[in-house]
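Undergrad: For reference, the file upload.cif (mmCIF, C-alpha atoms) is included below:
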```cif
data_target
#
loop_
_atom_site.group_PDB
_atom_site.id
_atom_site.type_symbol
_atom_site.label_atom_id
_atom_site.label_comp_id
_atom_site.auth_asym_id
_atom_site.auth_seq_id
_atom_site.Cartn_x
_atom_site.Cartn_y
_atom_site.Cartn_z
ATOM 1 C CA MET A 1 -98.763 -28.224 -112.738
ATOM 2 C CA LEU A 2 -96.895 -27.068 -115.824
ATOM 3 C CA THR A 3 -94.342 -29.858 -115.390
ATOM 4 C CA THR A 4 -97.168 -32.408 -115.265
ATOM 5 C CA VAL A 5 -98.652 -31.064 -118.493
ATOM 6 C CA ILE A 6 -95.258 -31.132 -120.215
ATOM 7 C CA PHE A 7 -94.596 -34.637 -118.911
ATOM 8 C CA ALA A 8 -97.993 -35.896 -120.092
ATOM 9 C CA ALA A 9 -97.412 -34.349 -123.519
ATOM 10 C CA LEU A 10 -93.980 -35.970 -123.772
ATOM 11 C CA ALA A 11 -95.432 -39.310 -122.640
ATOM 12 C CA LEU A 12 -98.154 -39.075 -125.292
ATOM 13 C CA ILE A 13 -95.559 -38.256 -127.956
ATOM 14 C CA ALA A 14 -93.359 -41.182 -126.842
ATOM 15 C CA VAL A 15 -96.203 -43.723 -126.875
ATOM 16 C CA ALA A 16 -97.750 -42.399 -130.113
ATOM 17 C CA ALA A 17 -94.360 -42.522 -131.856
ATOM 18 C CA GLY A 18 -93.924 -46.065 -130.539
ATOM 19 C CA ILE A 19 -97.265 -47.066 -132.076
ATOM 20 C CA VAL A 20 -96.333 -45.386 -135.374
ATOM 21 C CA VAL A 21 -93.213 -47.608 -135.525
ATOM 22 C CA PHE A 22 -95.391 -50.674 -136.096
ATOM 23 C CA ARG A 23 -98.151 -48.973 -138.069
ATOM 24 C CA THR A 24 -96.248 -47.232 -140.832
ATOM 25 C CA ASP A 25 -95.249 -49.027 -144.017
ATOM 26 C CA SER A 26 -92.063 -47.067 -144.565
ATOM 27 C CA MET A 27 -88.986 -48.482 -142.862
ATOM 28 C CA ALA A 28 -87.346 -45.050 -142.702
ATOM 29 C CA ARG A 29 -90.409 -43.538 -141.039
ATOM 30 C CA ALA A 30 -90.530 -46.394 -138.533
ATOM 31 C CA THR A 31 -86.912 -45.717 -137.579
ATOM 32 C CA TYR A 32 -87.463 -41.995 -137.214
ATOM 33 C CA ALA A 33 -90.607 -42.604 -135.148
ATOM 34 C CA LEU A 34 -88.554 -44.739 -132.771
ATOM 35 C CA ALA A 35 -85.976 -41.945 -132.567
ATOM 36 C CA VAL A 36 -88.770 -39.485 -131.687
ATOM 37 C CA SER A 37 -89.949 -41.849 -128.952
ATOM 38 C CA PHE A 38 -86.446 -42.016 -127.475
ATOM 39 C CA VAL A 39 -85.974 -38.249 -127.667
ATOM 40 C CA ALA A 40 -89.260 -37.788 -125.786
ATOM 41 C CA VAL A 41 -88.096 -40.196 -123.063
ATOM 42 C CA GLY A 42 -84.743 -38.388 -122.934
ATOM 43 C CA ALA A 43 -86.612 -35.116 -122.435
ATOM 44 C CA MET A 44 -88.547 -36.729 -119.554
ATOM 45 C CA MET A 45 -85.192 -37.634 -117.989
ATOM 46 C CA LEU A 46 -84.218 -33.988 -118.207
ATOM 47 C CA GLN A 47 -87.412 -33.195 -116.293
ATOM 48 C CA PHE A 48 -86.185 -35.472 -113.502
ATOM 49 C CA GLY A 49 -82.974 -33.450 -113.370
ATOM 50 C CA LEU A 50 -80.981 -36.305 -114.962
ATOM 51 C CA ASP A 51 -79.098 -34.004 -117.320
ATOM 52 C CA TYR A 52 -76.279 -36.388 -118.148
ATOM 53 C CA ILE A 53 -78.363 -39.522 -118.677
ATOM 54 C CA GLY A 54 -81.053 -37.618 -120.567
ATOM 55 C CA VAL A 55 -78.575 -36.078 -122.994
ATOM 56 C CA VAL A 56 -76.724 -39.402 -123.382
ATOM 57 C CA THR A 57 -80.022 -41.144 -124.186
ATOM 58 C CA ILE A 58 -80.947 -38.555 -126.808
ATOM 59 C CA LEU A 59 -77.527 -38.448 -128.480
ATOM 60 C CA MET A 60 -77.041 -42.209 -128.433
ATOM 61 C CA MET A 61 -80.495 -43.044 -129.715
ATOM 62 C CA VAL A 62 -80.462 -40.522 -132.547
ATOM 63 C CA MET A 63 -77.157 -41.990 -133.760
ATOM 64 C CA GLU A 64 -78.387 -45.541 -133.232
ATOM 65 C CA MET A 65 -81.537 -44.922 -135.227
ATOM 66 C CA ALA A 66 -79.488 -43.432 -138.060
ATOM 67 C CA ILE A 67 -77.491 -46.674 -138.149
ATOM 68 C CA MET A 68 -80.668 -48.719 -137.862
ATOM 69 C CA ALA A 69 -82.170 -46.940 -140.867
ATOM 70 C CA ILE A 70 -79.151 -48.037 -142.913
ATOM 71 C CA PHE A 71 -79.578 -51.634 -141.761
ATOM 72 C CA MET A 72 -83.275 -51.564 -142.564
ATOM 73 C CA VAL A 73 -82.663 -50.365 -146.099
ATOM 74 C CA MET A 74 -79.782 -52.817 -146.490
ATOM 75 C CA PHE A 75 -81.602 -55.950 -145.363
ATOM 76 C CA MET A 76 -85.172 -55.426 -146.483
ATOM 77 C CA GLY A 77 -85.619 -57.329 -149.692
ATOM 78 C CA MET A 78 -88.438 -55.056 -150.832
ATOM 79 C CA ASN A 79 -89.771 -51.664 -149.873
ATOM 80 C CA PRO A 80 -93.077 -52.067 -148.019
ATOM 81 C CA ALA A 81 -93.832 -48.368 -148.590
ATOM 82 C CA LEU A 82 -94.063 -49.053 -152.306
ATOM 83 C CA MET A 83 -95.642 -52.485 -151.973
ATOM 84 C CA PRO A 84 -97.855 -52.513 -148.861
ATOM 85 C CA MET A 85 -98.017 -55.860 -147.120
ATOM 86 C CA ASP A 86 -98.645 -57.308 -143.710
ATOM 87 C CA MET A 87 -95.292 -58.205 -142.184
ATOM 88 C CA VAL A 88 -96.738 -59.564 -138.951
ATOM 89 C CA HIS A 89 -97.657 -62.948 -137.586
ATOM 90 C CA ASN A 90 -100.147 -63.777 -134.872
ATOM 91 C CA LYS A 91 -101.341 -60.188 -134.689
ATOM 92 C CA ARG A 92 -104.383 -60.989 -132.568
ATOM 93 C CA GLY A 93 -102.460 -62.990 -129.978
ATOM 94 C CA SER A 94 -99.735 -60.355 -129.770
ATOM 95 C CA LEU A 95 -102.307 -57.599 -129.265
ATOM 96 C CA LEU A 96 -104.018 -59.591 -126.532
ATOM 97 C CA ILE A 97 -100.762 -60.326 -124.694
ATOM 98 C CA ALA A 98 -99.523 -56.735 -124.998
ATOM 99 C CA GLY A 99 -102.901 -55.369 -123.839
ATOM 100 C CA GLY A 100 -102.960 -57.781 -120.901
ATOM 101 C CA VAL A 101 -99.430 -56.810 -119.866
ATOM 102 C CA PHE A 102 -100.362 -53.122 -120.029
ATOM 103 C CA VAL A 103 -103.458 -53.648 -117.890
ATOM 104 C CA VAL A 104 -101.486 -55.585 -115.257
ATOM 105 C CA LEU A 105 -98.605 -53.079 -115.157
ATOM 106 C CA ALA A 106 -100.889 -50.035 -115.114
ATOM 107 C CA ALA A 107 -103.040 -51.593 -112.384
ATOM 108 C CA GLY A 108 -99.893 -52.198 -110.337
ATOM 109 C CA ALA A 109 -98.729 -48.631 -110.899
ATOM 110 C CA LEU A 110 -102.062 -47.177 -109.820
ATOM 111 C CA LEU A 111 -103.043 -49.542 -107.001
ATOM 112 C CA VAL A 112 -99.781 -50.170 -105.137
ATOM 113 C CA PRO A 113 -99.369 -47.796 -102.168
ATOM 114 C CA TRP A 114 -95.957 -46.402 -103.078
ATOM 115 C CA PRO A 115 -93.811 -45.368 -100.103
ATOM 116 C CA ALA A 116 -92.850 -41.766 -99.467
ATOM 117 C CA ARG A 117 -89.673 -40.349 -100.904
ATOM 118 C CA ARG A 118 -86.529 -41.071 -98.894
ATOM 119 C CA GLY A 119 -83.587 -38.741 -99.134
ATOM 120 C CA ALA A 120 -83.081 -35.778 -101.397
ATOM 121 C CA PRO A 121 -81.303 -35.572 -104.760
ATOM 122 C CA ALA A 122 -77.785 -34.193 -104.782
ATOM 123 C CA VAL A 123 -77.297 -30.595 -105.833
ATOM 124 C CA ASP A 124 -75.181 -31.558 -108.840
ATOM 125 C CA LEU A 125 -76.550 -34.885 -110.073
ATOM 126 C CA THR A 126 -73.948 -35.347 -112.800
ATOM 127 C CA ALA A 127 -71.084 -34.848 -110.364
ATOM 128 C CA SER A 128 -72.694 -37.253 -107.897
ATOM 129 C CA LEU A 129 -73.064 -39.854 -110.655
ATOM 130 C CA GLY A 130 -69.381 -39.498 -111.486
ATOM 131 C CA GLU A 131 -68.464 -39.927 -107.831
ATOM 132 C CA ALA A 132 -70.670 -43.014 -107.569
ATOM 133 C CA ILE A 133 -69.056 -44.598 -110.651
ATOM 134 C CA MET A 134 -65.573 -43.824 -109.434
ATOM 135 C CA GLY A 135 -66.366 -44.680 -105.829
ATOM 136 C CA ASN A 136 -68.595 -47.299 -104.282
ATOM 137 C CA LYS A 137 -70.218 -48.373 -107.597
ATOM 138 C CA MET A 138 -66.966 -48.888 -109.461
ATOM 139 C CA LEU A 139 -67.540 -52.659 -109.603
ATOM 140 C CA VAL A 140 -70.602 -52.050 -111.795
ATOM 141 C CA MET A 141 -68.540 -50.185 -114.350
ATOM 142 C CA LEU A 142 -65.737 -52.745 -114.090
ATOM 143 C CA THR A 143 -68.306 -55.385 -115.025
ATOM 144 C CA VAL A 144 -69.934 -53.396 -117.815
ATOM 145 C CA SER A 145 -66.589 -52.705 -119.515
ATOM 146 C CA PRO A 146 -65.656 -56.342 -120.279
ATOM 147 C CA VAL A 147 -69.262 -57.013 -121.305
ATOM 148 C CA LEU A 148 -69.045 -54.222 -123.877
ATOM 149 C CA PHE A 149 -65.674 -55.507 -125.063
ATOM 150 C CA ALA A 150 -67.019 -59.050 -125.384
ATOM 151 C CA THR A 151 -69.938 -57.594 -127.355
ATOM 152 C CA LEU A 152 -67.548 -55.932 -129.793
ATOM 153 C CA VAL A 153 -65.579 -59.142 -130.312
ATOM 154 C CA SER A 154 -68.619 -61.388 -130.678
ATOM 155 C CA ALA A 155 -70.383 -58.957 -133.037
ATOM 156 C CA VAL A 156 -67.327 -58.908 -135.304
ATOM 157 C CA VAL A 157 -67.022 -62.706 -135.177
ATOM 158 C CA LEU A 158 -70.716 -63.175 -135.981
ATOM 159 C CA ALA A 159 -70.808 -60.674 -138.819
ATOM 160 C CA ASN A 160 -67.524 -61.782 -140.381
ATOM 161 C CA PRO A 161 -68.113 -63.066 -143.946
ATOM 162 C CA ARG A 162 -65.470 -65.758 -143.396
ATOM 163 C CA GLY A 163 -67.449 -67.230 -140.539
ATOM 164 C CA ARG A 164 -65.902 -68.745 -137.473
ATOM 165 C CA TYR A 165 -64.061 -71.743 -138.923
ATOM 166 C CA ARG A 166 -62.370 -70.654 -142.103
ATOM 167 C CA ASP A 167 -58.672 -70.252 -142.795
ATOM 168 C CA TYR A 168 -57.196 -66.853 -143.023
ATOM 169 C CA PRO A 169 -55.534 -65.944 -145.284
ATOM 170 C CA PRO A 170 -57.228 -68.199 -147.844
ATOM 171 C CA PRO A 171 -55.022 -70.958 -149.256
ATOM 172 C CA LEU A 172 -53.298 -70.121 -152.526
ATOM 173 C CA ALA A 173 -54.876 -71.558 -155.640
ATOM 174 C CA ALA A 174 -53.035 -74.359 -157.390
ATOM 175 C CA PRO A 175 -51.443 -73.389 -160.728
ATOM 176 C CA GLY A 176 -53.917 -73.835 -163.524
ATOM 177 C CA ASP A 177 -56.930 -73.635 -161.250
ATOM 178 C CA ALA A 178 -58.676 -70.738 -162.923
ATOM 179 C CA ALA A 179 -61.557 -70.497 -160.484
ATOM 180 C CA GLY A 180 -59.445 -70.765 -157.342
ATOM 181 C CA GLY A 181 -58.311 -67.826 -155.347
ATOM 182 C CA THR A 182 -60.845 -65.391 -156.748
ATOM 183 C CA ASP A 183 -63.823 -66.080 -154.541
ATOM 184 C CA HIS A 184 -62.657 -64.924 -151.135
ATOM 185 C CA GLY A 185 -61.138 -68.197 -150.072
ATOM 186 C CA GLY A 186 -63.672 -70.635 -151.390
ATOM 187 C CA THR A 187 -61.295 -73.563 -150.838
ATOM 188 C CA GLY A 188 -61.505 -73.353 -147.088
ATOM 189 C CA SER A 189 -60.857 -75.963 -144.455
ATOM 190 C CA ASP A 190 -64.316 -77.504 -144.658
ATOM 191 C CA GLY A 191 -64.013 -79.004 -148.086
ATOM 192 C CA GLY A 192 -64.453 -76.053 -150.348
ATOM 193 C CA THR A 193 -68.026 -74.913 -149.852
ATOM 194 C CA ALA A 194 -68.619 -71.416 -151.114
ATOM 195 C CA PRO A 195 -68.596 -69.122 -148.092
ATOM 196 C CA HIS A 196 -71.410 -66.855 -149.192
ATOM 197 C CA ASP A 197 -73.947 -69.585 -149.811
ATOM 198 C CA HIS A 198 -73.278 -72.020 -147.006
ATOM 199 C CA GLY A 199 -71.451 -70.089 -144.376
ATOM 200 C CA HIS A 200 -73.469 -71.719 -141.597
ATOM 201 C CA HIS A 201 -72.241 -75.189 -142.480
ATOM 202 C CA GLY A 202 -68.904 -74.398 -140.946
ATOM 203 C CA GLY A 203 -69.981 -74.637 -137.368
ATOM 204 C CA GLY A 204 -72.691 -75.242 -134.882
ATOM 205 C CA HIS A 205 -73.836 -78.638 -136.103
ATOM 206 C CA MET B 1 -96.073 -35.224 -112.093
ATOM 207 C CA SER B 2 -96.342 -38.318 -109.924
ATOM 208 C CA LEU B 3 -94.933 -41.819 -109.815
ATOM 209 C CA PRO B 4 -98.118 -43.586 -111.042
ATOM 210 C CA LEU B 5 -98.267 -41.279 -114.073
ATOM 211 C CA VAL B 6 -94.643 -42.086 -114.940
ATOM 212 C CA LEU B 7 -95.199 -45.804 -114.451
ATOM 213 C CA VAL B 8 -98.338 -45.854 -116.605
ATOM 214 C CA ALA B 9 -96.421 -44.112 -119.403
ATOM 215 C CA ALA B 10 -93.587 -46.621 -118.998
ATOM 216 C CA ALA B 11 -96.080 -49.508 -119.041
ATOM 217 C CA ALA B 12 -97.601 -48.170 -122.266
ATOM 218 C CA LEU B 13 -94.170 -47.963 -123.915
ATOM 219 C CA PHE B 14 -93.291 -51.465 -122.697
ATOM 220 C CA SER B 15 -96.572 -52.935 -123.978
ATOM 221 C CA VAL B 16 -96.265 -51.328 -127.417
ATOM 222 C CA GLY B 17 -92.734 -52.714 -127.649
ATOM 223 C CA LEU B 18 -93.930 -56.141 -126.529
ATOM 224 C CA TYR B 19 -96.572 -56.149 -129.247
ATOM 225 C CA GLY B 20 -93.903 -55.330 -131.820
ATOM 226 C CA ALA B 21 -91.433 -57.901 -130.544
ATOM 227 C CA LEU B 22 -94.103 -60.624 -130.625
ATOM 228 C CA SER B 23 -95.809 -59.792 -133.889
ATOM 229 C CA GLN B 24 -93.156 -58.527 -136.291
ATOM 230 C CA GLN B 25 -91.548 -60.870 -138.775
ATOM 231 C CA VAL B 26 -88.546 -58.823 -139.834
ATOM 232 C CA VAL B 27 -85.590 -59.229 -137.472
ATOM 233 C CA VAL B 28 -84.779 -55.517 -137.367
ATOM 234 C CA MET B 29 -88.410 -54.710 -136.540
ATOM 235 C CA VAL B 30 -88.294 -57.235 -133.677
ATOM 236 C CA MET B 31 -85.220 -55.369 -132.425
ATOM 237 C CA MET B 32 -87.180 -52.125 -132.593
ATOM 238 C CA GLY B 33 -89.819 -53.717 -130.365
ATOM 239 C CA LEU B 34 -87.155 -54.756 -127.863
ATOM 240 C CA GLU B 35 -85.740 -51.223 -127.930
ATOM 241 C CA LEU B 36 -89.149 -49.787 -127.094
ATOM 242 C CA MET B 37 -89.487 -52.234 -124.190
ATOM 243 C CA ILE B 38 -86.106 -51.138 -122.806
ATOM 244 C CA ASN B 39 -87.185 -47.534 -123.359
ATOM 245 C CA GLY B 40 -90.096 -48.176 -121.009
ATOM 246 C CA VAL B 41 -87.778 -49.816 -118.472
ATOM 247 C CA ILE B 42 -85.471 -46.767 -118.528
ATOM 248 C CA LEU B 43 -88.418 -44.453 -117.914
ATOM 249 C CA ALA B 44 -89.753 -46.608 -115.065
ATOM 250 C CA ALA B 45 -86.295 -46.824 -113.462
ATOM 251 C CA ALA B 46 -85.871 -43.055 -113.667
ATOM 252 C CA GLY B 47 -89.327 -42.593 -112.118
ATOM 253 C CA PHE B 48 -88.580 -44.980 -109.250
ATOM 254 C CA TRP B 49 -85.274 -43.263 -108.636
ATOM 255 C CA TRP B 50 -86.711 -39.741 -108.614
ATOM 256 C CA PHE B 51 -89.875 -40.387 -106.613
ATOM 257 C CA LEU B 52 -88.737 -43.041 -104.131
ATOM 258 C CA ALA B 53 -85.024 -42.790 -103.354
ATOM 259 C CA PRO B 54 -83.085 -40.112 -105.230
ATOM 260 C CA ALA B 55 -79.681 -41.184 -103.947
ATOM 261 C CA PRO B 56 -76.757 -40.690 -106.371
ATOM 262 C CA ASP B 57 -76.169 -44.453 -106.647
ATOM 263 C CA GLY B 58 -79.514 -45.043 -108.320
ATOM 264 C CA GLN B 59 -78.373 -43.319 -111.492
ATOM 265 C CA VAL B 60 -75.838 -46.100 -112.029
ATOM 266 C CA LEU B 61 -78.721 -48.516 -112.620
ATOM 267 C CA LEU B 62 -79.874 -46.331 -115.502
ATOM 268 C CA LEU B 63 -76.408 -46.446 -117.021
ATOM 269 C CA VAL B 64 -76.460 -50.244 -116.801
ATOM 270 C CA VAL B 65 -79.838 -50.412 -118.568
ATOM 271 C CA ILE B 66 -78.558 -48.120 -121.327
ATOM 272 C CA ALA B 67 -75.460 -50.325 -121.669
ATOM 273 C CA ALA B 68 -77.717 -53.399 -121.942
ATOM 274 C CA MET B 69 -79.611 -51.686 -124.748
ATOM 275 C CA THR B 70 -76.354 -50.995 -126.579
ATOM 276 C CA VAL B 71 -75.322 -54.643 -126.293
ATOM 277 C CA GLU B 72 -78.717 -55.754 -127.579
ATOM 278 C CA MET B 73 -78.435 -53.483 -130.610
ATOM 279 C CA ALA B 74 -74.876 -54.466 -131.486
ATOM 280 C CA LEU B 75 -75.473 -58.213 -131.272
ATOM 281 C CA GLY B 76 -78.858 -57.877 -132.939
ATOM 282 C CA PHE B 77 -77.287 -56.219 -135.953
ATOM 283 C CA ALA B 78 -74.536 -58.859 -136.011
ATOM 284 C CA VAL B 79 -77.113 -61.676 -135.966
ATOM 285 C CA ALA B 80 -79.157 -59.902 -138.661
ATOM 286 C CA THR B 81 -76.034 -59.670 -140.810
ATOM 287 C CA LEU B 82 -75.212 -63.342 -140.223
ATOM 288 C CA LEU B 83 -78.772 -64.387 -141.000
ATOM 289 C CA HIS B 84 -78.817 -62.374 -144.187
ATOM 290 C CA ARG B 85 -75.488 -63.775 -145.251
ATOM 291 C CA SER B 86 -76.202 -67.431 -144.551
ATOM 292 C CA GLN B 87 -79.935 -67.661 -145.298
ATOM 293 C CA GLN B 88 -80.537 -64.678 -147.574
ATOM 294 C CA THR B 89 -83.431 -63.651 -145.378
ATOM 295 C CA ASP B 90 -84.438 -61.046 -142.848
ATOM 296 C CA MET B 91 -87.473 -62.865 -141.482
ATOM 297 C CA THR B 92 -87.637 -64.695 -138.183
ATOM 298 C CA ASP B 93 -89.894 -67.409 -139.628
ATOM 299 C CA MET B 94 -87.170 -68.488 -142.044
ATOM 300 C CA ALA B 95 -84.538 -68.927 -139.350
ATOM 301 C CA LYS B 96 -86.069 -71.807 -137.454
ATOM 302 C CA GLU B 97 -83.501 -74.533 -138.094
ATOM 303 C CA LEU B 98 -82.228 -74.303 -134.532
ATOM 304 C CA SER B 99 -85.650 -75.384 -133.277
ATOM 305 C CA GLU B 100 -85.877 -78.357 -135.591
#
```
Can I see the file as C-alpha cells?
TA:
Amino acid sequence: MLTTVIFAALALIAVAAGIVVFRTDSMARATYALAVSFVAVGAMMLQFGLDYIGVVTILMMVMEMAIMAIFMVMFMGMNPALMPMDMVHNKRGSLLIAGGVFVVLAAGALLVPWPARRGAPAVDLTASLGEAIMGNKMLVMLTVSPVLFATLVSAVVLANPRGRYRDYPPPLAAPGDAAGGTDHGGTGSDGGTAPHDHGHHGGGH
Amino acid sequence: MSLPLVLVAAAALFSVGLYGALSQQVVVMVMMGLELMINGVILAAAGFWWFLAPAPDGQVLLLVVIAAMTVEMALGFAVATLLHRSQQTDMTDMAKELSE
C-alpha cells in the first residue's frame, strides 16, 4: 500500500514537472522541471528494484539537463522570462493529438487483460544485468557501441564551424591580401564564401 | 502498485512530451518534448519488465532505450548548433528549406 502511494506521488511529480516544462516562460526553469521529471522516473525505477538503471537515469539526466540549460541560454535569441511570448504553433491541434494519444494508451493500459507474472527477479539485479550484457546479450552492447561512436563522429562533423567541405588548414593568404587569412579560412574550396554566413552552401545541394 | 497504474503514468508522460514535440517552435524545446516521450517509454518498459517477465535479460532493453535517448540528445544539440550557425535561428519554422 505504501509503495503504491509513493509510486503515485512520484508519478504525479513526474507528469506535473513535464507539464511545467511547456508552461513556464523561463528556459532555466523548463530545464530544471525536466530534470525533476527524470529524477522522479529514476526513483520509480528504484522502486522496481532496478538500482543500477535508476541511478544511471538520475545521474545522466541531471548532467544532461545542466548541459541543456547552457544550450538554451546560448541559442535563445531573447529571454522569454523577461519578454513573455507564445513560442508555440498549432497549439489546439497538438493538444487534441496529445489528448487523443493519452486516451488511447490509457484505455489500452486499463482494458487489456495483462497476463500473470512469469518468473521471478534475480536476487542481485545489477549482477544479473552485468551477466546478461557479458553473456547472451553481448550482441546488443556490441551494436550499441559503434552507434554511440558514430554519434560522436557525426555530432562533431555537424557542429564543426568549418562545415563538411572546407579545407583544413585554411590556405595561406597571398602577400598583400590584408583581409585574407584572418577570418578562419574564408578562402575555402567553394569559392571564398564566408564560412559563418553561408556554411550550408558547402554541401547538400 | 500495479501494471495499469504504471502504464497510465507512462502514457501521461508520453502524451505531455508529444504535445511539446508537436507544438514548440524552438528546436531545444522540441528536443525536451522528445526526451519526455522517451522518459515515458523507459517507465513503461520498466513496468512491463517488472510485472510481466522479470528475467535479467529484460533490463538490457532499458539500457538500449537510455542509449537511444543519449544519441537523440547528442545529435539534437549538433543540429541545433548547425542551424544556429548557418541560419542564425533556433526555430523550426525557419529551417524549412529541405521541404521546399
Undergrad: Go through A:Ala150, A:Ala155, A:Val104, A:Leu96 one by one, measure the shortest atom-to-atom distance of each to chain B using all atoms listed in the file, and give the residue with the smallest value.
TA: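 When distances to chain B are compared using all atoms listed in the file, the smallest one comes from A:Ala155.
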Undergrad: Once the PyMOL selection byres ((chain A and resi 94) around 10) is applied to the coordinates I shared, what remains selected? I want it as a list in words.
TA: Val88, His89, Asn90, Lys91, Arg92, Gly93, Leu95, Leu96, Ile97, Ala98, Gly99 and Gly100 of chain A; Ser15, Val16, Leu18, Tyr19, Gly20, Ala21, Leu22, Ser23 and Gln24 of chain B
Undergrad: Please enumerate the residues selected by the PyMOL selection byres ((chain B) within 6 of (chain A)) when evaluated against the supplied file, formatted as a ChimeraX atom specification.
TA: /B:1,4,7-9,11,13,15,18-19,22-25,51-57,75,78,81-82,86
Undergrad: To verify the selection step, state as a list in words which residues the PyMOL selection byres ((chain B and resi 62-67) around 8) yields on this input.
TA: Ile53, Thr57, Val140, Val144 and Leu148 of chain A; Ile38, Val41, Ile42, Ala45, Ala46, Gly58, Gln59, Val60, Leu61, Ala68, Met69, Thr70 and Val71 of chain B
Undergrad: So, counting all atoms listed in the file, which residue among B:Met37, B:Met73, B:Met32, B:Asp93 is closest to B:Ala12?
TA: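 Nearest to B:Ala12: B:Met37.
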Undergrad: With distances taken over all atoms listed in the file, which of B:Phe14, B:His84, B:Val6, B:Val79 is nearest to B:Glu35?
TA: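 Smallest separation from B:Glu35 among the options: B:Phe14.
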Undergrad: In Å, rounded to a single decimal, give me how far atom CA of A:Met134 is from atom CA of A:Val39.
TA: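 Atom CA of A:Met134 lies 27.9 Å from atom CA of A:Val39.
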Undergrad: In Å, rounded to a single decimal, give me how far atom CA of A:Ala33 is from atom CA of B:Gln88.
TA: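 Computing the Euclidean distance for atom CA of B:Gln88 and atom CA of A:Ala33 yields 27.3 Å.
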